[in-house]
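Quick notes on the structure that follows.
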Amino acid sequence: MRKLTYYVASTIDGFIATDDGSVDFFPVGGDHGPAITAQYPETLPTKVRESLGIDKRNRYFDTVLMGRKTHDFGVRTGTSSPYAHLKQYVVSTTLPENPDPDVELIAADPLAKVRELKRAEGLGIWLCGGGELAQVLLPEIDQIFLKLYPVLLGQGRSLFGTGPRLPDAAKFRVITSRVFEDGVAFMKYSRIR
């Protein structure tokens, strides 16, 4: 069965973006980027892959899920199909139709869709954001890959949204960790079921 992996950047106080969706506060450069990109080249937007000359085939993920706010970030940067090298899904109850011919809209019951995707053949499924969607999909999240930046934001969009929590704690264990010279920690967690 395929795994659903929430792979995201976060501040040490648990925020993935400002309230308006900006991620400009995450430092650019350093040694973490090239190392993580080499391992997960498919997590770069298609335009970025092309500009860097990355033409590697997908190694870990072949499907990406994103909430509407995460997808809107790509739209603001000039593309409604940010990950054309992956099968793309946008979860939204407010979009009236598919935002792009290469993106499939999930308008209802994202948990059921994720369960269907996990049973299908293929590589892993990447949940790239956002926090509210991660909270909804938490029962099906098998792994969390967290780029933890040494930044305090104080407020913003939370790693797992702000709605009601699950009645039972979801438990994970660290499977690997690496701290880079630039201070970014890359933590991989696997769910304990």
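Labels used: A, B, ... for chains in the order of the structure tokens, numbers from 1 for residues in each chain, and numbers from 1 for ligands as shown.
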Inset, instruction - Show which residues sit within 8 Å of Gly130 in chain A, as a PyMOL selection string. Count only C-alpha atoms, and ignore same-chain residues fewer than 5 positions away. - result: chain A and resi 16+66-67+69-70+159-161
May I have the selected residues written with all heavy atoms, as a PDB file, in the first residue's frame?
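Final file, again-v5.pdb:
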```
ATOM      1  N   ILE A  16       3.785  27.149   9.194  1.00  0.00           N
ATOM      2  CA  ILE A  16       4.229  26.838   7.836  1.00  0.00           C
ATOM      3  C   ILE A  16       4.112  28.042   6.897  1.00  0.00           C
ATOM      4  O   ILE A  16       4.621  27.992   5.780  1.00  0.00           O
ATOM      5  CB  ILE A  16       3.465  25.626   7.265  1.00  0.00           C
ATOM      6  CG1 ILE A  16       1.955  25.881   7.189  1.00  0.00           C
ATOM      7  CG2 ILE A  16       3.774  24.374   8.081  1.00  0.00           C
ATOM      8  CD1 ILE A  16       1.148  24.780   6.504  1.00  0.00           C
ATOM      9  N   MET A  66      -2.748  19.009  -2.335  1.00  0.00           N
ATOM     10  CA  MET A  66      -2.592  20.326  -1.720  1.00  0.00           C
ATOM     11  C   MET A  66      -3.953  20.928  -1.452  1.00  0.00           C
ATOM     12  O   MET A  66      -4.913  20.638  -2.163  1.00  0.00           O
ATOM     13  CB  MET A  66      -1.747  21.243  -2.599  1.00  0.00           C
ATOM     14  CG  MET A  66      -2.264  21.457  -4.003  1.00  0.00           C
ATOM     15  SD  MET A  66      -1.041  22.193  -5.094  1.00  0.00           S
ATOM     16  CE  MET A  66      -0.893  20.887  -6.292  1.00  0.00           C
ATOM     17  N   GLY A  67      -4.011  21.723  -0.405  1.00  0.00           N
ATOM     18  CA  GLY A  67      -5.218  22.478  -0.136  1.00  0.00           C
ATOM     19  C   GLY A  67      -5.311  23.662  -1.085  1.00  0.00           C
ATOM     20  O   GLY A  67      -4.360  23.998  -1.794  1.00  0.00           O
ATOM     21  N   LYS A  69      -5.433  26.880  -0.444  1.00  0.00           N
ATOM     22  CA  LYS A  69      -4.517  27.983  -0.131  1.00  0.00           C
ATOM     23  C   LYS A  69      -3.105  27.684  -0.620  1.00  0.00           C
ATOM     24  O   LYS A  69      -2.410  28.579  -1.106  1.00  0.00           O
ATOM     25  CB  LYS A  69      -4.515  28.261   1.372  1.00  0.00           C
ATOM     26  CG  LYS A  69      -5.822  28.852   1.883  1.00  0.00           C
ATOM     27  CD  LYS A  69      -5.788  28.994   3.386  1.00  0.00           C
ATOM     28  CE  LYS A  69      -7.151  29.412   3.929  1.00  0.00           C
ATOM     29  NZ  LYS A  69      -7.156  29.397   5.401  1.00  0.00           N
ATOM     30  N   THR A  70      -2.672  26.443  -0.510  1.00  0.00           N
ATOM     31  CA  THR A  70      -1.362  26.052  -1.022  1.00  0.00           C
ATOM     32  C   THR A  70      -1.345  26.172  -2.543  1.00  0.00           C
ATOM     33  O   THR A  70      -0.395  26.691  -3.134  1.00  0.00           O
ATOM     34  CB  THR A  70      -1.004  24.629  -0.577  1.00  0.00           C
ATOM     35  OG1 THR A  70      -0.973  24.588   0.854  1.00  0.00           O
ATOM     36  CG2 THR A  70       0.343  24.189  -1.126  1.00  0.00           C
ATOM     37  N   LEU A 159       1.043  24.206  11.500  1.00  0.00           N
ATOM     38  CA  LEU A 159       1.418  22.932  10.884  1.00  0.00           C
ATOM     39  C   LEU A 159       0.222  21.992  10.732  1.00  0.00           C
ATOM     40  O   LEU A 159       0.115  21.261   9.745  1.00  0.00           O
ATOM     41  CB  LEU A 159       2.508  22.279  11.749  1.00  0.00           C
ATOM     42  CG  LEU A 159       3.239  21.062  11.260  1.00  0.00           C
ATOM     43  CD1 LEU A 159       3.957  21.317   9.956  1.00  0.00           C
ATOM     44  CD2 LEU A 159       4.237  20.612  12.317  1.00  0.00           C
ATOM     45  N   PHE A 160      -0.701  22.020  11.675  1.00  0.00           N
ATOM     46  CA  PHE A 160      -1.901  21.177  11.624  1.00  0.00           C
ATOM     47  C   PHE A 160      -3.178  21.971  11.839  1.00  0.00           C
ATOM     48  O   PHE A 160      -4.127  21.480  12.438  1.00  0.00           O
ATOM     49  CB  PHE A 160      -1.798  20.027  12.636  1.00  0.00           C
ATOM     50  CG  PHE A 160      -0.922  18.914  12.150  1.00  0.00           C
ATOM     51  CD1 PHE A 160       0.404  18.864  12.515  1.00  0.00           C
ATOM     52  CD2 PHE A 160      -1.426  17.936  11.306  1.00  0.00           C
ATOM     53  CE1 PHE A 160       1.222  17.844  12.048  1.00  0.00           C
ATOM     54  CE2 PHE A 160      -0.618  16.918  10.837  1.00  0.00           C
ATOM     55  CZ  PHE A 160       0.711  16.872  11.209  1.00  0.00           C
ATOM     56  N   GLY A 161      -3.241  23.179  11.314  1.00  0.00           N
ATOM     57  CA  GLY A 161      -4.473  23.957  11.373  1.00  0.00           C
ATOM     58  C   GLY A 161      -4.855  24.352  12.785  1.00  0.00           C
ATOM     59  O   GLY A 161      -4.106  24.162  13.730  1.00  0.00           O
TER      60      GLY A 161
END
```
Inset, instruction - From the DSSP assignment of the backbone, select every residue of chain A that is helix (DSSP H, G or I), and format the answer as a ChimeraX atom specification. - result: /A:32-39,41-43,46-52,68-76,110-119,131-140
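Across the model, the gap from CA of Gly78 in chain A to CA of Pro110 in chain A is 26.0 Å.
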Which residues of range 95-119 of chain A come within 10 Å of range 132-154 of chain A, and for each one, what is the closest pair of atoms and their distance in Å to one decimal, counting only C-alpha atoms, sorted by chain and residue number, as CSV?
```
residue,atom,partner,partner_atom,distance
A:Asp109,CA,A:Val136,CA,9.6
A:Pro110,CA,A:Leu137,CA,7.3
A:Leu111,CA,A:Leu137,CA,6.0
A:Ala112,CA,A:Leu137,CA,9.7
A:Val114,CA,A:Glu140,CA,7.4
A:Arg115,CA,A:Glu140,CA,7.4
A:Lys118,CA,A:Glu140,CA,9.1
```
Legend entry - Shortest interatomic distance to Ala107 in chain A - which of A:Arg76, A:Arg68, A:Lys56, A:Arg157, counting only C-alpha atoms: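 That would be A:Arg68, the residue with the smallest distance to Ala107 in chain A.
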Inset, instruction - Per DSSP on the backbone, filter chain A down to the residues in strand (DSSP E or B) and report them as a PyMOL selection string. - result: chain A and resi 4-11+15-17+61-67+87-91+100+103-106+124-129+143-149+157-158+172-179+185-191
Legend entry - Best match for closeness to Tyr40 in chain A among A:Ile54, A:Leu4, A:Val75, A:Leu117, counting only C-alpha atoms: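 Using only C-alpha atoms, the shortest distance to Tyr40 in chain A belongs to A:Ile54.
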